[in-house]
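Report on the following structure.
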Amino acid sequence: SSDVCSSDLLSTISNKTKLMNEKPSCRIYLFRHGETANSKEVCFNGHFDVGLSTKGEDQFKEWSKILKGEPFKAIYSSDLKRTLNGAQLLGEPHQLKPVAYPELRELCFGEWEGLSVTEVENKFPNQLDERLKDIEGFHVLGGETFEELRQRVIPRFEKIIAKHSDEQIAMVCHGGVNRVILSHLLEVPIKRIFRMKQDYAALNIIQYYGDEPVVELLGGAINRVTSAEEKKIAIQ
């Protein structure tokens, strides 16, 4: 109805006016970890503690050079090597040691942990198809749903933001974790989170104005566009 449309328009104008009147507050550089040592095959790493490949380390060495002049006040990661190592490299020019939280770990894949897509298809026939049909509700035996991931990630994310209300910080996390954070901020349903691209070493920039977040950059890469040959199915 016209009343509903008018109400929506007034709400949009009100939100934009609020943003214009608010000073910039917390600014977050949210990264996905670099390429992993087992990246030759697409793997469900989850909590499996695989490290970075040489390329993965180089990706964060490059980010470290590019961002050495940024005023980071703190750097956060999960407690898994692939994020912690990248966060350490990113923090070196700033004399910052990363603060690691287990709540920022990737989605737990239970019985699939550390397995490649091929291995999962062989050992657990039809389960991968089930997951793709039900992104919201499906979970592997011993693993988590994306909603359970959201329930552990978002409270920790909000506590981190609250500690840095007027500061710039960096976070090195995982593909699933980043998608959950971005879907929460943008109010995107969980079932649509794979519409947000998160390649290895991808950068997202989030600027808060008071308590209102604006995503300034989503899935940014280091001076390049992913070629068709490099594209792989997103699974986490």
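Just so we're on the same page: first chain in the structure tokens is A, next is B, and so on; residues restart at 1 for each chain, and ligands are numbered from 1 in the order they show up.
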Every residue of segment 47-103 of chain A that DSSP places in helix (DSSP H, G or I), as a VMD selection string: chain A and resid 54 to 66 81 to 94 102 to 103
Please save N, CA, C and O atoms of the selected residues as a compact mmCIF listing (two decimals), in the first residue's frame.
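Generated output (result18.txt):
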# COMPACT_ATOMS: atom_id res chain seq x y z
N THR A 54 53.33 -21.19 0.87
CA THR A 54 54.27 -20.08 0.63
C THR A 54 53.54 -18.91 -0.02
O THR A 54 53.77 -17.74 0.35
N LYS A 55 52.65 -19.22 -0.95
CA LYS A 55 51.86 -18.16 -1.58
C LYS A 55 50.98 -17.45 -0.56
O LYS A 55 50.83 -16.22 -0.60
N GLY A 56 50.39 -18.21 0.35
CA GLY A 56 49.54 -17.62 1.39
C GLY A 56 50.30 -16.66 2.28
O GLY A 56 49.80 -15.59 2.65
N GLU A 57 51.55 -17.03 2.63
CA GLU A 57 52.39 -16.14 3.41
C GLU A 57 52.74 -14.89 2.61
O GLU A 57 52.71 -13.77 3.14
N ASP A 58 53.05 -15.08 1.33
CA ASP A 58 53.40 -13.94 0.47
C ASP A 58 52.22 -12.97 0.33
O ASP A 58 52.43 -11.75 0.23
N GLN A 59 51.01 -13.51 0.29
CA GLN A 59 49.84 -12.64 0.18
C GLN A 59 49.77 -11.68 1.36
O GLN A 59 49.47 -10.49 1.19
N PHE A 60 50.07 -12.17 2.56
CA PHE A 60 49.99 -11.28 3.73
C PHE A 60 51.25 -10.43 3.90
O PHE A 60 51.18 -9.34 4.48
N LYS A 61 52.35 -10.88 3.38
CA LYS A 61 53.52 -10.01 3.34
C LYS A 61 53.23 -8.80 2.44
O LYS A 61 53.63 -7.67 2.76
N GLU A 62 52.53 -9.06 1.34
CA GLU A 62 52.18 -7.97 0.42
C GLU A 62 51.17 -7.03 1.06
O GLU A 62 51.31 -5.81 0.99
N TRP A 63 50.14 -7.57 1.71
CA TRP A 63 49.18 -6.72 2.42
C TRP A 63 49.89 -5.90 3.50
O TRP A 63 49.58 -4.73 3.72
N SER A 64 50.85 -6.53 4.17
CA SER A 64 51.60 -5.85 5.22
C SER A 64 52.33 -4.61 4.67
O SER A 64 52.34 -3.55 5.30
N LYS A 65 52.92 -4.75 3.49
CA LYS A 65 53.61 -3.61 2.86
C LYS A 65 52.62 -2.53 2.45
O LYS A 65 52.85 -1.34 2.68
N ILE A 66 51.52 -2.95 1.84
CA ILE A 66 50.53 -2.00 1.34
C ILE A 66 49.91 -1.20 2.49
O ILE A 66 49.66 0.01 2.36
N LYS A 81 46.22 -21.77 12.77
CA LYS A 81 47.47 -21.26 12.19
C LYS A 81 47.26 -20.41 10.95
O LYS A 81 47.98 -19.42 10.74
N ARG A 82 46.31 -20.79 10.10
CA ARG A 82 46.19 -20.08 8.83
C ARG A 82 45.74 -18.62 8.99
O ARG A 82 46.05 -17.78 8.14
N THR A 83 45.01 -18.31 10.07
CA THR A 83 44.67 -16.91 10.34
C THR A 83 45.73 -16.25 11.22
O THR A 83 46.11 -15.10 11.00
N LEU A 84 46.21 -16.99 12.21
CA LEU A 84 47.17 -16.43 13.16
C LEU A 84 48.47 -16.03 12.46
O LEU A 84 49.04 -14.96 12.72
N ASN A 85 48.96 -16.87 11.53
CA ASN A 85 50.19 -16.56 10.82
C ASN A 85 50.04 -15.30 9.95
O ASN A 85 50.94 -14.45 9.90
N GLY A 86 48.90 -15.19 9.27
CA GLY A 86 48.65 -14.00 8.47
C GLY A 86 48.55 -12.75 9.32
O GLY A 86 49.06 -11.69 8.96
N ALA A 87 47.89 -12.88 10.48
CA ALA A 87 47.75 -11.74 11.40
C ALA A 87 49.10 -11.30 11.95
O ALA A 87 49.36 -10.11 12.13
N GLN A 88 49.98 -12.26 12.20
CA GLN A 88 51.33 -11.94 12.68
C GLN A 88 52.09 -11.13 11.63
O GLN A 88 52.75 -10.13 11.95
N LEU A 89 52.01 -11.56 10.38
CA LEU A 89 52.69 -10.84 9.29
C LEU A 89 52.11 -9.43 9.13
O LEU A 89 52.86 -8.46 8.94
N LEU A 90 50.80 -9.32 9.23
CA LEU A 90 50.14 -8.03 9.08
C LEU A 90 50.52 -7.08 10.22
O LEU A 90 50.65 -5.87 10.01
N GLY A 91 50.75 -7.63 11.41
CA GLY A 91 51.03 -6.81 12.58
C GLY A 91 52.46 -6.35 12.72
O GLY A 91 52.74 -5.41 13.47
N GLU A 92 53.39 -6.99 12.01
CA GLU A 92 54.81 -6.70 12.20
C GLU A 92 55.18 -5.22 12.01
O GLU A 92 55.87 -4.65 12.87
N PRO A 93 54.73 -4.54 10.95
CA PRO A 93 55.12 -3.13 10.79
C PRO A 93 54.54 -2.22 11.88
O PRO A 93 55.03 -1.11 12.07
N HIS A 94 53.53 -2.70 12.58
CA HIS A 94 52.85 -1.90 13.60
C HIS A 94 53.25 -2.30 15.03
O HIS A 94 52.72 -1.77 15.99
N PRO A 102 39.20 -18.43 19.91
CA PRO A 102 38.64 -19.65 19.29
C PRO A 102 37.25 -19.45 18.71
O PRO A 102 36.84 -20.17 17.81
N GLU A 103 36.51 -18.45 19.23
CA GLU A 103 35.16 -18.18 18.70
C GLU A 103 35.19 -17.74 17.23
O GLU A 103 34.18 -17.80 16.54
What's the 9 Å shell around Glu106 of chain A, counting only C-alpha atoms, without same-chain residues fewer than 3 positions away, as a PyMOL selection string? chain A and resi 45-47+78+80+103+109+149+173-177+236
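Using only C-alpha atoms, the smallest distance between any of A:Leu186, A:Cys43, A:Ala37, A:Leu141 and Glu121 of chain A comes from A:Cys43.
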Which residue out of A:Arg32, A:Lys191, A:Lys73, A:Arg179 has the minimum interatomic distance to Phe138 of chain A when only C-alpha atoms are used? A:Lys191
Select, from A:Asp166, A:Asp211, A:Asp129, A:Glu136, the residue with the minimum atom-to-atom distance to Phe194 of chain A, counting only C-alpha atoms. A:Glu136
Calculated over only C-alpha atoms, which of the candidates A:Thr145, A:Ser77, A:Asn178, A:Gln95 has the smallest distance to Cys108 of chain A? A:Thr145
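Reported to one decimal place, the separation of atom CA of Glu158 of chain A from atom CA of Gly220 of chain A is 22.7 Å.
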Determine which residues of segment 49-207 of chain A receive a DSSP assignment of strand (DSSP E), computed from the backbone, and state them as a count of residues only. 21
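One distance worth recording is that between atom CA of Met171 of chain A and atom CA of Glu111 of chain A, which is 27.9 Å.
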Can you pull out every residue within 9 Å of Thr118 of chain A, counting only C-alpha atoms, but drop anything in the same chain fewer than 3 positions away, and send it as an MDAnalysis selection string? chainID A and resid 41:43 115 121:123
Interatomic distance between atom CA of His184 of chain A and atom CA of Pro155 of chain A? 11.2 Å
For Ala74 of chain A, please output as a VMD selection string all residues within 10 Å (counting only C-alpha atoms; exclusion window: fewer than 4 positions along the same chain). chain A and resid 91 94 to 99 160 164 167 to 171
